[in-house]
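K.L.:
You'll find structure_4.pdb just under this line, and it carries PDB, C-alpha atoms.
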ATOM      1  CA  MET A   2      28.208 -43.202 -47.903
ATOM      2  CA  ARG A   3      28.312 -39.581 -49.044
ATOM      3  CA  SER A   4      24.504 -39.246 -48.859
ATOM      4  CA  THR A   5      24.487 -40.812 -45.392
ATOM      5  CA  ALA A   6      27.097 -38.317 -44.151
ATOM      6  CA  LYS A   7      25.137 -35.464 -45.724
ATOM      7  CA  ALA A   8      21.948 -36.614 -44.012
ATOM      8  CA  ARG A   9      23.732 -36.724 -40.669
ATOM      9  CA  ALA A  10      25.083 -33.217 -41.210
ATOM     10  CA  ILE A  11      21.598 -31.946 -42.014
ATOM     11  CA  ARG A  12      20.211 -33.564 -38.857
ATOM     12  CA  ARG A  13      22.991 -31.993 -36.731
ATOM     13  CA  THR A  14      22.350 -28.576 -38.277
ATOM     14  CA  SER A  15      18.629 -28.991 -37.730
ATOM     15  CA  ARG A  16      19.190 -29.892 -34.087
ATOM     16  CA  ARG A  17      21.486 -26.898 -33.612
ATOM     17  CA  GLN A  18      18.966 -24.552 -35.228
ATOM     18  CA  SER A  19      16.169 -26.095 -33.215
ATOM     19  CA  GLY A  20      18.187 -25.645 -30.037
ATOM     20  CA  THR A  21      18.955 -22.064 -30.979
ATOM     21  CA  GLY A  22      15.311 -21.464 -31.736
ATOM     22  CA  ASN A  23      14.291 -22.917 -28.385
ATOM     23  CA  CYS A  24      16.830 -20.738 -26.612
ATOM     24  CA  LEU A  25      15.530 -17.676 -28.420
ATOM     25  CA  LEU A  26      11.977 -18.697 -27.583
ATOM     26  CA  LEU A  27      12.834 -19.136 -23.909
ATOM     27  CA  TYR A  28      14.723 -15.861 -23.965
ATOM     28  CA  ASN A  29      11.966 -13.891 -25.663
ATOM     29  CA  LEU A  30       8.950 -15.476 -23.971
ATOM     30  CA  PRO A  31       9.296 -13.685 -20.586
ATOM     31  CA  VAL A  32       9.844 -10.243 -22.120
ATOM     32  CA  PRO A  33       6.133  -9.245 -22.421
ATOM     33  CA  VAL A  34       5.444 -10.690 -18.973
ATOM     34  CA  LEU A  35       8.345  -8.783 -17.433
ATOM     35  CA  ARG A  36       7.265  -5.597 -19.201
ATOM     36  CA  ASN A  37       3.699  -6.023 -17.967
ATOM     37  CA  LEU A  38       4.968  -6.722 -14.465
ATOM     38  CA  ARG A  39       7.090  -3.573 -14.530
ATOM     39  CA  VAL A  40       4.131  -1.502 -15.742
ATOM     40  CA  THR A  41       1.913  -3.082 -13.066
ATOM     41  CA  LEU A  42       4.379  -2.199 -10.315
ATOM     42  CA  GLU A  43       4.507   1.349 -11.629
ATOM     43  CA  MET A  44       0.692   1.441 -11.778
ATOM     44  CA  ILE A  45       0.256   0.374  -8.145
ATOM     45  CA  LYS A  46       3.190   2.563  -7.034
ATOM     46  CA  TRP A  47       4.737  -0.290  -5.056
ATOM     47  CA  GLU A  48       7.341   2.063  -3.593
ATOM     48  CA  HIS A  49       4.544   3.656  -1.561
ATOM     49  CA  SER A  50       4.363   0.483   0.518
ATOM     50  CA  VAL A  51       6.482   2.611   2.832
ATOM     51  CA  PHE A  52       3.240   4.206   4.082
ATOM     52  CA  ALA A  53       2.012   1.229   6.132
ATOM     53  CA  LEU A  54       5.024  -1.099   6.292
ATOM     54  CA  PRO A  55       6.925   0.890   8.967
ATOM     55  CA  PHE A  56       3.808   0.903  11.176
ATOM     56  CA  ALA A  57       3.489  -2.862  10.694
ATOM     57  CA  LEU A  58       7.115  -3.309  11.755
ATOM     58  CA  CYS A  59       6.436  -0.991  14.676
ATOM     59  CA  GLY A  60       3.550  -3.242  15.741
ATOM     60  CA  ALA A  61       5.793  -6.304  15.435
ATOM     61  CA  MET A  62       8.490  -4.704  17.597
ATOM     62  CA  LEU A  63       5.971  -3.652  20.233
ATOM     63  CA  ALA A  64       4.709  -7.237  20.313
ATOM     64  CA  ALA A  65       8.239  -8.599  20.697
ATOM     65  CA  SER A  66       9.385  -5.770  23.026
ATOM     66  CA  GLY A  67      12.312  -5.516  20.654
ATOM     67  CA  LEU A  68      13.215  -7.382  17.507
ATOM     68  CA  PRO A  69      11.001 -10.249  16.324
ATOM     69  CA  THR A  70      12.680 -13.315  14.872
ATOM     70  CA  ALA A  71      14.112 -13.164  11.353
ATOM     71  CA  HIS A  72      11.448 -15.657  10.252
ATOM     72  CA  GLN A  73       8.668 -13.416  11.556
ATOM     73  CA  LEU A  74      10.137 -10.264  10.023
ATOM     74  CA  LEU A  75      10.577 -11.909   6.629
ATOM     75  CA  TRP A  76       7.009 -13.177   6.363
ATOM     76  CA  ILE A  77       5.492  -9.995   7.808
ATOM     77  CA  VAL A  78       7.243  -7.988   5.080
ATOM     78  CA  VAL A  79       6.178 -10.476   2.382
ATOM     79  CA  ALA A  80       2.581 -10.394   3.633
ATOM     80  CA  MET A  81       2.519  -6.586   3.719
ATOM     81  CA  LEU A  82       3.917  -6.185   0.210
ATOM     82  CA  ALA A  83       1.603  -8.847  -1.210
ATOM     83  CA  ALA A  84      -1.490  -7.438   0.505
ATOM     84  CA  ARG A  85      -0.841  -3.907  -0.670
ATOM     85  CA  SER A  86      -0.063  -5.090  -4.213
ATOM     86  CA  ALA A  87      -3.325  -7.031  -4.351
ATOM     87  CA  ALA A  88      -5.324  -4.103  -2.965
ATOM     88  CA  MET A  89      -3.854  -1.486  -5.295
ATOM     89  CA  ALA A  90      -4.116  -3.641  -8.424
ATOM     90  CA  PHE A  91      -7.711  -4.556  -7.563
ATOM     91  CA  ASN A  92      -8.480  -0.875  -7.029
ATOM     92  CA  ARG A  93      -7.181  -0.084 -10.508
ATOM     93  CA  LEU A  94      -9.367  -2.875 -11.926
ATOM     94  CA  ALA A  95     -12.471  -1.724 -10.067
ATOM     95  CA  ASP A  96     -11.900   1.908 -11.068
ATOM     96  CA  ALA A  97     -10.803   1.349 -14.680
ATOM     97  CA  ALA A  98     -13.926   2.959 -16.170
ATOM     98  CA  ILE A  99     -13.834   5.813 -13.650
ATOM     99  CA  ASP A 100     -10.122   6.416 -14.314
ATOM    100  CA  ALA A 101     -10.794   6.496 -18.064
ATOM    101  CA  ALA A 102     -13.352   9.280 -17.567
ATOM    102  CA  ASN A 103     -11.221  11.325 -15.175
ATOM    103  CA  PRO A 104      -8.738  13.675 -16.929
ATOM    104  CA  ARG A 105      -6.285  13.266 -14.029
ATOM    105  CA  THR A 106      -6.185   9.465 -14.226
ATOM    106  CA  ARG A 107      -6.988   8.552 -17.831
ATOM    107  CA  THR A 108      -3.285   7.965 -18.584
ATOM    108  CA  ARG A 109      -3.061   5.153 -16.018
ATOM    109  CA  ALA A 110      -2.035   1.776 -17.393
ATOM    110  CA  LEU A 111      -5.470   0.139 -17.679
ATOM    111  CA  PRO A 112      -7.486   2.988 -19.264
ATOM    112  CA  ALA A 113      -4.532   3.809 -21.525
ATOM    113  CA  GLY A 114      -4.388   0.195 -22.723
ATOM    114  CA  HIS A 115      -0.856  -0.509 -21.494
ATOM    115  CA  LEU A 116      -2.126  -3.488 -19.498
ATOM    116  CA  SER A 117      -4.975  -5.921 -20.067
ATOM    117  CA  PRO A 118      -7.599  -6.555 -17.370
ATOM    118  CA  ALA A 119      -6.724 -10.259 -17.593
ATOM    119  CA  PHE A 120      -3.084  -9.630 -16.687
ATOM    120  CA  VAL A 121      -3.993  -7.356 -13.764
ATOM    121  CA  THR A 122      -6.557  -9.903 -12.552
ATOM    122  CA  THR A 123      -3.864 -12.588 -12.597
ATOM    123  CA  PHE A 124      -1.555 -10.256 -10.678
ATOM    124  CA  VAL A 125      -4.254  -9.756  -8.025
ATOM    125  CA  ILE A 126      -4.838 -13.496  -7.658
ATOM    126  CA  VAL A 127      -1.121 -14.255  -7.376
ATOM    127  CA  SER A 128      -0.641 -11.450  -4.838
ATOM    128  CA  CYS A 129      -3.550 -12.761  -2.746
ATOM    129  CA  ALA A 130      -2.077 -16.277  -2.870
ATOM    130  CA  ILE A 131       1.310 -14.988  -1.712
ATOM    131  CA  PHE A 132      -0.373 -13.095   1.114
ATOM    132  CA  ILE A 133      -2.196 -16.220   2.323
ATOM    133  CA  LEU A 134       1.034 -18.239   2.023
ATOM    134  CA  ALA A 135       2.868 -15.653   4.122
ATOM    135  CA  ALA A 136       0.085 -15.689   6.728
ATOM    136  CA  ALA A 137       0.325 -19.482   6.889
ATOM    137  CA  GLN A 138       4.060 -19.224   7.604
ATOM    138  CA  LEU A 139       3.427 -17.100  10.694
ATOM    139  CA  ASN A 140       0.764 -18.810  12.807
ATOM    140  CA  ARG A 141      -2.701 -20.328  12.689
ATOM    141  CA  LEU A 142      -4.558 -17.142  13.672
ATOM    142  CA  THR A 143      -2.920 -15.063  10.926
ATOM    143  CA  LEU A 144      -3.952 -17.737   8.421
ATOM    144  CA  TRP A 145      -7.551 -17.790   9.656
ATOM    145  CA  LEU A 146      -7.802 -14.010   9.547
ATOM    146  CA  SER A 147      -6.128 -13.591   6.155
ATOM    147  CA  PRO A 148      -9.427 -13.820   4.162
ATOM    148  CA  VAL A 149     -10.958 -11.166   6.441
ATOM    149  CA  ALA A 150      -8.002  -8.846   5.832
ATOM    150  CA  LEU A 151      -8.233  -9.401   2.084
ATOM    151  CA  ALA A 152     -11.976  -8.681   2.123
ATOM    152  CA  VAL A 153     -11.395  -5.295   3.782
ATOM    153  CA  LEU A 154      -8.500  -4.450   1.460
ATOM    154  CA  LEU A 155     -10.340  -5.339  -1.737
ATOM    155  CA  LEU A 156     -13.856  -4.157  -0.944
ATOM    156  CA  TYR A 157     -12.595  -0.678   0.005
ATOM    157  CA  SER A 158     -12.397   0.052  -3.728
ATOM    158  CA  TYR A 159     -16.207   0.212  -3.982
ATOM    159  CA  THR A 160     -16.917   2.388  -0.934
ATOM    160  CA  LYS A 161     -16.649   5.740  -2.689
ATOM    161  CA  ARG A 162     -19.638   4.688  -4.754
ATOM    162  CA  PHE A 163     -21.951   4.876  -1.743
ATOM    163  CA  THR A 164     -20.324   6.713   1.224
ATOM    164  CA  ARG A 165     -18.377   9.885   1.810
ATOM    165  CA  TRP A 166     -16.509   8.122   4.620
ATOM    166  CA  SER A 167     -14.492   5.897   2.304
ATOM    167  CA  HIS A 168     -11.393   7.718   3.597
ATOM    168  CA  LEU A 169     -11.851   6.049   6.982
ATOM    169  CA  VAL A 170     -12.344   2.653   5.344
ATOM    170  CA  LEU A 171      -9.029   3.113   3.542
ATOM    171  CA  GLY A 172      -7.507   4.235   6.828
ATOM    172  CA  PHE A 173      -8.694   1.086   8.556
ATOM    173  CA  ALA A 174      -7.403  -1.073   5.680
ATOM    174  CA  LEU A 175      -3.897   0.262   6.351
ATOM    175  CA  GLY A 176      -4.507   0.554  10.091
ATOM    176  CA  MET A 177      -4.897  -3.210  10.317
ATOM    177  CA  ALA A 178      -1.157  -3.526   9.608
ATOM    178  CA  PRO A 179       0.210  -3.028  13.151
ATOM    179  CA  ALA A 180      -2.507  -5.230  14.684
ATOM    180  CA  ALA A 181      -1.847  -7.935  12.083
ATOM    181  CA  ALA A 182       1.877  -7.753  12.786
ATOM    182  CA  TRP A 183       1.185  -8.065  16.516
ATOM    183  CA  ILE A 184      -0.862 -11.214  15.860
ATOM    184  CA  ALA A 185       1.935 -12.509  13.624
ATOM    185  CA  VAL A 186       4.385 -12.256  16.536
ATOM    186  CA  ARG A 187       2.175 -13.148  19.517
ATOM    187  CA  GLY A 188      -0.480 -15.384  17.956
ATOM    188  CA  SER A 189      -3.154 -13.358  19.751
ATOM    189  CA  LEU A 190      -4.520  -9.816  19.829
ATOM    190  CA  ASP A 191      -3.820  -7.342  22.634
ATOM    191  CA  PRO A 192      -6.254  -4.382  22.845
ATOM    192  CA  ARG A 193      -3.317  -2.009  23.379
ATOM    193  CA  ILE A 194      -2.149  -2.376  19.780
ATOM    194  CA  LEU A 195      -5.558  -1.146  18.603
ATOM    195  CA  ILE A 196      -4.431   2.312  19.735
ATOM    196  CA  LEU A 197      -1.848   2.240  16.951
ATOM    197  CA  THR A 198      -4.432   0.808  14.547
ATOM    198  CA  ALA A 199      -6.706   3.764  15.299
ATOM    199  CA  ALA A 200      -3.805   6.216  14.929
ATOM    200  CA  VAL A 201      -2.919   4.868  11.479
ATOM    201  CA  THR A 202      -6.601   4.875  10.498
ATOM    202  CA  PHE A 203      -6.992   8.597  11.206
ATOM    203  CA  TRP A 204      -3.596   9.422   9.710
ATOM    204  CA  VAL A 205      -4.406   7.714   6.401
ATOM    205  CA  ALA A 206      -7.967   9.071   6.331
ATOM    206  CA  GLY A 207      -6.589  12.575   6.839
ATOM    207  CA  PHE A 208      -4.132  12.486   3.976
ATOM    208  CA  ASP A 209      -6.633  10.681   1.728
ATOM    209  CA  ILE A 210      -9.023  13.601   2.240
ATOM    210  CA  LEU A 211      -6.233  15.910   1.083
ATOM    211  CA  TYR A 212      -5.633  13.717  -1.970
ATOM    212  CA  ALA A 213      -9.355  13.618  -2.813
ATOM    213  CA  CYS A 214      -9.426  17.412  -3.080
ATOM    214  CA  GLN A 215      -7.865  17.030  -6.526
ATOM    215  CA  ASP A 216     -11.001  15.277  -7.788
ATOM    216  CA  PHE A 217     -13.570  17.640  -6.287
ATOM    217  CA  ASP A 218     -15.102  18.621  -9.635
ATOM    218  CA  PHE A 219     -14.922  15.153 -11.178
ATOM    219  CA  ASP A 220     -16.429  13.389  -8.138
ATOM    220  CA  ARG A 221     -19.334  15.817  -8.147
ATOM    221  CA  SER A 222     -20.030  15.319 -11.856
ATOM    222  CA  ALA A 223     -19.588  11.516 -11.695
ATOM    223  CA  GLY A 224     -21.719  11.049  -8.573
ATOM    224  CA  LEU A 225     -18.846   9.651  -6.496
ATOM    225  CA  HIS A 226     -18.625  10.281  -2.769
ATOM    226  CA  SER A 227     -15.869  11.927  -0.757
ATOM    227  CA  ILE A 228     -15.568  14.438   2.052
ATOM    228  CA  PRO A 229     -14.392  17.228  -0.314
ATOM    229  CA  ARG A 230     -17.243  16.562  -2.733
ATOM    230  CA  HIS A 231     -19.853  16.899   0.025
ATOM    231  CA  ILE A 232     -18.510  19.760   2.148
ATOM    232  CA  GLY A 233     -16.072  21.564  -0.128
ATOM    233  CA  ILE A 234     -12.285  21.801  -0.194
ATOM    234  CA  SER A 235     -11.820  24.462   2.476
ATOM    235  CA  ARG A 236     -13.800  22.621   5.166
ATOM    236  CA  SER A 237     -12.282  19.308   4.091
ATOM    237  CA  LEU A 238      -8.837  20.630   4.927
ATOM    238  CA  TRP A 239     -10.071  21.277   8.468
ATOM    239  CA  ILE A 240     -11.431  17.704   8.694
ATOM    240  CA  ALA A 241      -8.009  16.420   7.594
ATOM    241  CA  ARG A 242      -6.359  18.560  10.289
ATOM    242  CA  LEU A 243      -8.792  17.223  12.877
ATOM    243  CA  PHE A 244      -8.051  13.629  11.879
ATOM    244  CA  HIS A 245      -4.325  14.250  12.162
ATOM    245  CA  ALA A 246      -4.779  15.874  15.574
ATOM    246  CA  ILE A 247      -6.641  12.730  16.682
ATOM    247  CA  MET A 248      -3.766  10.658  15.334
ATOM    248  CA  LEU A 249      -1.283  12.594  17.472
ATOM    249  CA  LEU A 250      -3.423  12.119  20.580
ATOM    250  CA  LEU A 251      -3.566   8.383  19.914
ATOM    251  CA  LEU A 252       0.213   8.232  19.480
ATOM    252  CA  ILE A 253       0.573   9.978  22.831
ATOM    253  CA  ALA A 254      -1.715   7.330  24.331
ATOM    254  CA  LEU A 255       0.756   4.689  23.163
ATOM    255  CA  LEU A 256       3.408   6.011  25.539
ATOM    256  CA  PRO A 257       1.885   4.815  28.836
ATOM    257  CA  ALA A 258       0.269   1.779  27.185
ATOM    258  CA  PHE A 259       3.676   0.370  26.238
ATOM    259  CA  ASN A 260       5.847   2.218  28.747
ATOM    260  CA  LEU A 261       7.694   4.020  25.951
ATOM    261  CA  GLY A 262      10.360   6.568  26.765
ATOM    262  CA  LYS A 263      11.960   9.790  25.572
ATOM    263  CA  LEU A 264      12.890   8.591  22.103
ATOM    264  CA  ALA A 265       9.292   7.647  21.361
ATOM    265  CA  ILE A 266       8.219  11.084  22.615
ATOM    266  CA  ALA A 267      10.748  12.654  20.239
ATOM    267  CA  GLY A 268       9.273  10.571  17.436
ATOM    268  CA  ILE A 269       5.793  11.910  18.136
ATOM    269  CA  VAL A 270       7.122  15.477  18.167
ATOM    270  CA  ALA A 271       8.819  14.813  14.812
ATOM    271  CA  VAL A 272       5.541  13.451  13.391
ATOM    272  CA  MET A 273       3.703  16.558  14.625
ATOM    273  CA  LEU A 274       6.195  18.888  12.937
ATOM    274  CA  LEU A 275       6.045  16.920   9.700
ATOM    275  CA  LEU A 276       2.231  17.022   9.717
ATOM    276  CA  LEU A 277       2.282  20.772  10.273
ATOM    277  CA  TYR A 278       4.605  21.152   7.306
ATOM    278  CA  GLU A 279       2.429  18.831   5.192
ATOM    279  CA  HIS A 280      -0.674  20.920   5.854
ATOM    280  CA  SER A 281       1.223  24.123   5.100
ATOM    281  CA  LEU A 282       1.744  22.833   1.548
ATOM    282  CA  VAL A 283      -1.981  22.607   0.775
ATOM    283  CA  LYS A 284      -4.243  25.639   0.443
ATOM    284  CA  PRO A 285      -7.943  25.713  -0.538
ATOM    285  CA  ASP A 286      -7.121  27.764  -3.635
ATOM    286  CA  ASN A 287      -3.771  26.126  -4.427
ATOM    287  CA  LEU A 288      -3.402  22.342  -4.642
ATOM    288  CA  SER A 289      -0.313  22.443  -6.852
ATOM    289  CA  ARG A 290       1.948  21.087  -4.103
ATOM    290  CA  LEU A 291      -0.404  18.300  -3.103
ATOM    291  CA  ASN A 292       1.731  15.506  -4.553
ATOM    292  CA  ALA A 293       4.664  16.578  -2.378
ATOM    293  CA  ALA A 294       2.376  16.609   0.645
ATOM    294  CA  PHE A 295       0.860  13.218  -0.138
ATOM    295  CA  PHE A 296       3.736  11.103  -1.373
ATOM    296  CA  THR A 297       6.880  12.519   0.195
ATOM    297  CA  MET A 298       5.786  13.721   3.601
ATOM    298  CA  ASN A 299       3.621  10.736   4.508
ATOM    299  CA  GLY A 300       6.377   8.297   3.611
ATOM    300  CA  VAL A 301       8.761  10.272   5.824
ATOM    301  CA  ILE A 302       6.240  10.378   8.685
ATOM    302  CA  SER A 303       5.811   6.600   8.868
ATOM    303  CA  VAL A 304       9.537   5.878   8.632
ATOM    304  CA  VAL A 305      10.505   8.502  11.202
ATOM    305  CA  PHE A 306       7.975   7.311  13.774
ATOM    306  CA  ALA A 307       8.943   3.650  13.333
ATOM    307  CA  LEU A 308      12.654   4.447  13.689
ATOM    308  CA  PHE A 309      12.129   6.395  16.917
ATOM    309  CA  VAL A 310       9.968   3.677  18.448
ATOM    310  CA  ALA A 311      12.418   0.992  17.356
ATOM    311  CA  ALA A 312      15.310   2.919  18.904
ATOM    312  CA  ASP A 313      13.339   3.388  22.119
ATOM    313  CA  LEU A 314      12.553  -0.321  22.391
ATOM    314  CA  LEU A 315      16.042  -1.540  21.515
ATOM    315  CA  LEU A 316      17.907   0.884  23.764
ATOM    316  CA  ARG A 317      15.555   0.173  26.632
ATOM    317  CA  LYS A 318      16.488  -3.497  26.399
TER     318      LYS A 318
END
Please express the file's structure as structure tokens.
P.N.:
Amino acid sequence: MRSTAKARAIRRTSRRQSGTGNCLLLYNLPVPVLRNLRVTLEMIKWEHSVFALPFALCGAMLAASGLPTAHQLLWIVVAMLAARSAAMAFNRLADAAIDAANPRTRTRALPAGHLSPAFVTTFVIVSCAIFILAAAQLNRLTLWLSPVALAVLLLYSYTKRFTRWSHLVLGFALGMAPAAAWIAVRGSLDPRILILTAAVTFWVAGFDILYACQDFDFDRSAGLHSIPRHIGISRSLWIARLFHAIMLLLLIALLPAFNLGKLAIAGIVAVMLLLLYEHSLVKPDNLSRLNAAFFTMNGVISVVFALFVAADLLLRK
């Protein structure tokens, strides 16, 4: 009797310890994954989704002549975040060897060994899957075009290996956002929204030229292509200014195309002033304030323009 009771007690203790062990295992198992995910989000600078997302929402509102449905807004945002995450993570994968050789980027997660290529590859695949799922939730055309959008977003990473105009390819990759959002709302493409696509293309290409000035010496030694590498920093700044002037002209062309009013005009004026300030921060012989010009000002520009256009559309209704 005593031995039977002792055996039962041992079994109960074993079950409790096993349960505790399982709980600890379940508790501890996600920790490396969550850490890697956090490092990945830091690596791709997910907070900079603010660059293209406001223009995508602007395209959606122009398509709806106001607010799209909550369903459309939700899946447009999911698609945008997933697409940008896939593109940025893939870019870090494609450029891992280049980043390791560049003094400015060798501390990034992949060359520094904080993340494995396998984990980042998995992140890219999952992000692409989420993007396609989001496209499928919107309409048939967005689903059909989703592989095309992904091809542009991912293949951009290789363009600086063979063309100095990779800045425009990046611009188009982000410029697709308002046109894609229009399709998400309407289920078709209107040529008018391509004006905004072109505006975003030249805007992004302009500030990417500014950003590439930091790698002038490295690009030249590594045989990579960029506008600064081929024509020098001083003339590249003028190309960036030209691109941003073209962007402003395209934004002005939006006004009659969509019958926008005074608030939209005020938004364009605000964008112009912000661009002037951005370019005042960057000098050919002083790039020390480039990060402020690139990250802060361009995020503000996209949000400000989208807010003014949204206000114009909603108050007009």
K.L.:
Determine, for each residue of stretch 148-226 of chain A having at least one atom at most 9 Å from an atom of stretch 238-261 of chain A, the closest pair of atoms and their separation in Å to one decimal, counting only C-alpha atoms; order by chain and ascending number, as JSON lines.
P.N.:
{"residue": "A:Arg193", "atom": "CA", "partner": "A:Ala258", "partner_atom": "CA", "distance": 6.5}
{"residue": "A:Ile194", "atom": "CA", "partner": "A:Leu255", "partner_atom": "CA", "distance": 8.4}
{"residue": "A:Ile196", "atom": "CA", "partner": "A:Leu251", "partner_atom": "CA", "distance": 6.1}
{"residue": "A:Leu197", "atom": "CA", "partner": "A:Leu252", "partner_atom": "CA", "distance": 6.8}
{"residue": "A:Ala199", "atom": "CA", "partner": "A:Leu251", "partner_atom": "CA", "distance": 7.2}
{"residue": "A:Ala200", "atom": "CA", "partner": "A:Met248", "partner_atom": "CA", "distance": 4.5}
{"residue": "A:Val201", "atom": "CA", "partner": "A:Met248", "partner_atom": "CA", "distance": 7.0}
{"residue": "A:Thr202", "atom": "CA", "partner": "A:Met248", "partner_atom": "CA", "distance": 8.1}
{"residue": "A:Phe203", "atom": "CA", "partner": "A:Phe244", "partner_atom": "CA", "distance": 5.2}
{"residue": "A:Trp204", "atom": "CA", "partner": "A:His245", "partner_atom": "CA", "distance": 5.5}
{"residue": "A:Val205", "atom": "CA", "partner": "A:His245", "partner_atom": "CA", "distance": 8.7}
{"residue": "A:Ala206", "atom": "CA", "partner": "A:Phe244", "partner_atom": "CA", "distance": 7.2}
{"residue": "A:Gly207", "atom": "CA", "partner": "A:Ala241", "partner_atom": "CA", "distance": 4.2}
{"residue": "A:Phe208", "atom": "CA", "partner": "A:Ala241", "partner_atom": "CA", "distance": 6.6}
{"residue": "A:Asp209", "atom": "CA", "partner": "A:Ala241", "partner_atom": "CA", "distance": 8.3}
{"residue": "A:Ile210", "atom": "CA", "partner": "A:Ala241", "partner_atom": "CA", "distance": 6.1}
{"residue": "A:Leu211", "atom": "CA", "partner": "A:Leu238", "partner_atom": "CA", "distance": 6.6}
{"residue": "A:Cys214", "atom": "CA", "partner": "A:Leu238", "partner_atom": "CA", "distance": 8.6}
K.L.:
List the spatial neighbours of A:Ala185 as a VMD selection string - criterion: any atom at most 7 Å away, only C-alpha atoms, same-chain residues fewer than 2 positions off excluded.
P.N.:
chain A and resid 139 to 140 143 181 to 183 187 to 188
K.L.:
Determine, counting only C-alpha atoms, every residue of protein, DNA or RNA that lies within 12 Å of (-20.4, 13.8, -15.6) in the file coordinates, then give the result as a PDB file with C-alpha atoms, in the frame of the given file.
P.N.:
ATOM      1  CA  ILE A  99     -13.834   5.813 -13.650  1.00  0.00           C
ATOM      2  CA  ALA A 102     -13.352   9.280 -17.567  1.00  0.00           C
ATOM      3  CA  ASN A 103     -11.221  11.325 -15.175  1.00  0.00           C
ATOM      4  CA  PRO A 104      -8.738  13.675 -16.929  1.00  0.00           C
ATOM      5  CA  ASP A 218     -15.102  18.621  -9.635  1.00  0.00           C
ATOM      6  CA  PHE A 219     -14.922  15.153 -11.178  1.00  0.00           C
ATOM      7  CA  ASP A 220     -16.429  13.389  -8.138  1.00  0.00           C
ATOM      8  CA  ARG A 221     -19.334  15.817  -8.147  1.00  0.00           C
ATOM      9  CA  SER A 222     -20.030  15.319 -11.856  1.00  0.00           C
ATOM     10  CA  ALA A 223     -19.588  11.516 -11.695  1.00  0.00           C
ATOM     11  CA  GLY A 224     -21.719  11.049  -8.573  1.00  0.00           C
ATOM     12  CA  LEU A 225     -18.846   9.651  -6.496  1.00  0.00           C
TER      13      LEU A 225
END
K.L.:
So, with all atoms listed in the file as the atoms that count, which of A:Ala152, A:Val186, A:Thr164, A:Arg39 lies closest to A:His72?
P.N.:
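Of A:Ala152, A:Val186, A:Thr164, A:Arg39, the one nearest A:His72, counting all atoms listed in the file, is A:Val186.
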K.L.:
Could you work out how far atom CA of A:Ala265 lies from atom CA of A:Ala312, giving the answer in Å with one decimal?
P.N.:
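These two atoms are separated by 8.0 Å.
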K.L.:
Starting from the shown file, work through the PyMOL selection byres ((chain A and resi 234) around 12) and note down what comes out as a PyMOL selection string.
P.N.:
chain A and resi 210-218+227-233+235-241+283-288
K.L.:
Just to be explicit: take each residue in the selection above, keep C-alpha atoms, and write the result as a PDB file, in the coordinates of the input.
P.N.:
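Below you can see again_9.pdb, which holds the result:
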ATOM      1  CA  ILE A 210      -9.023  13.601   2.240  1.00  0.00           C
ATOM      2  CA  LEU A 211      -6.233  15.910   1.083  1.00  0.00           C
ATOM      3  CA  TYR A 212      -5.633  13.717  -1.970  1.00  0.00           C
ATOM      4  CA  ALA A 213      -9.355  13.618  -2.813  1.00  0.00           C
ATOM      5  CA  CYS A 214      -9.426  17.412  -3.080  1.00  0.00           C
ATOM      6  CA  GLN A 215      -7.865  17.030  -6.526  1.00  0.00           C
ATOM      7  CA  ASP A 216     -11.001  15.277  -7.788  1.00  0.00           C
ATOM      8  CA  PHE A 217     -13.570  17.640  -6.287  1.00  0.00           C
ATOM      9  CA  ASP A 218     -15.102  18.621  -9.635  1.00  0.00           C
ATOM     10  CA  SER A 227     -15.869  11.927  -0.757  1.00  0.00           C
ATOM     11  CA  ILE A 228     -15.568  14.438   2.052  1.00  0.00           C
ATOM     12  CA  PRO A 229     -14.392  17.228  -0.314  1.00  0.00           C
ATOM     13  CA  ARG A 230     -17.243  16.562  -2.733  1.00  0.00           C
ATOM     14  CA  HIS A 231     -19.853  16.899   0.025  1.00  0.00           C
ATOM     15  CA  ILE A 232     -18.510  19.760   2.148  1.00  0.00           C
ATOM     16  CA  GLY A 233     -16.072  21.564  -0.128  1.00  0.00           C
ATOM     17  CA  SER A 235     -11.820  24.462   2.476  1.00  0.00           C
ATOM     18  CA  ARG A 236     -13.800  22.621   5.166  1.00  0.00           C
ATOM     19  CA  SER A 237     -12.282  19.308   4.091  1.00  0.00           C
ATOM     20  CA  LEU A 238      -8.837  20.630   4.927  1.00  0.00           C
ATOM     21  CA  TRP A 239     -10.071  21.277   8.468  1.00  0.00           C
ATOM     22  CA  ILE A 240     -11.431  17.704   8.694  1.00  0.00           C
ATOM     23  CA  ALA A 241      -8.009  16.420   7.594  1.00  0.00           C
ATOM     24  CA  VAL A 283      -1.981  22.607   0.775  1.00  0.00           C
ATOM     25  CA  LYS A 284      -4.243  25.639   0.443  1.00  0.00           C
ATOM     26  CA  PRO A 285      -7.943  25.713  -0.538  1.00  0.00           C
ATOM     27  CA  ASP A 286      -7.121  27.764  -3.635  1.00  0.00           C
ATOM     28  CA  ASN A 287      -3.771  26.126  -4.427  1.00  0.00           C
ATOM     29  CA  LEU A 288      -3.402  22.342  -4.642  1.00  0.00           C
TER      30      LEU A 288
END
K.L.:
Just say which residues the PyMOL selection byres ((chain A and resi 316) around 12) picks in this file, as an MDAnalysis selection string.
P.N.:
chainID A and resid 66:68 261:265 308:315 317:318
K.L.:
What is the distance between atom CA of A:Phe52 and atom CA of A:Arg141, in Å to one decimal?
P.N.:
26.7 Å
K.L.:
Would you mind reading off the distance between atom CA of A:Leu142 and atom CA of A:Leu190, one decimal, in Å?
P.N.:
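Computed distance, atom CA of A:Leu142 to atom CA of A:Leu190, equals 9.6 Å.
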K.L.:
Taking into account all atoms listed in the file, which residue in the set A:His226, A:Ala97, A:Leu195, A:Phe91 is nearest to A:Gly114?
P.N.:
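So, comparing all the options, the nearest one is A:Ala97.
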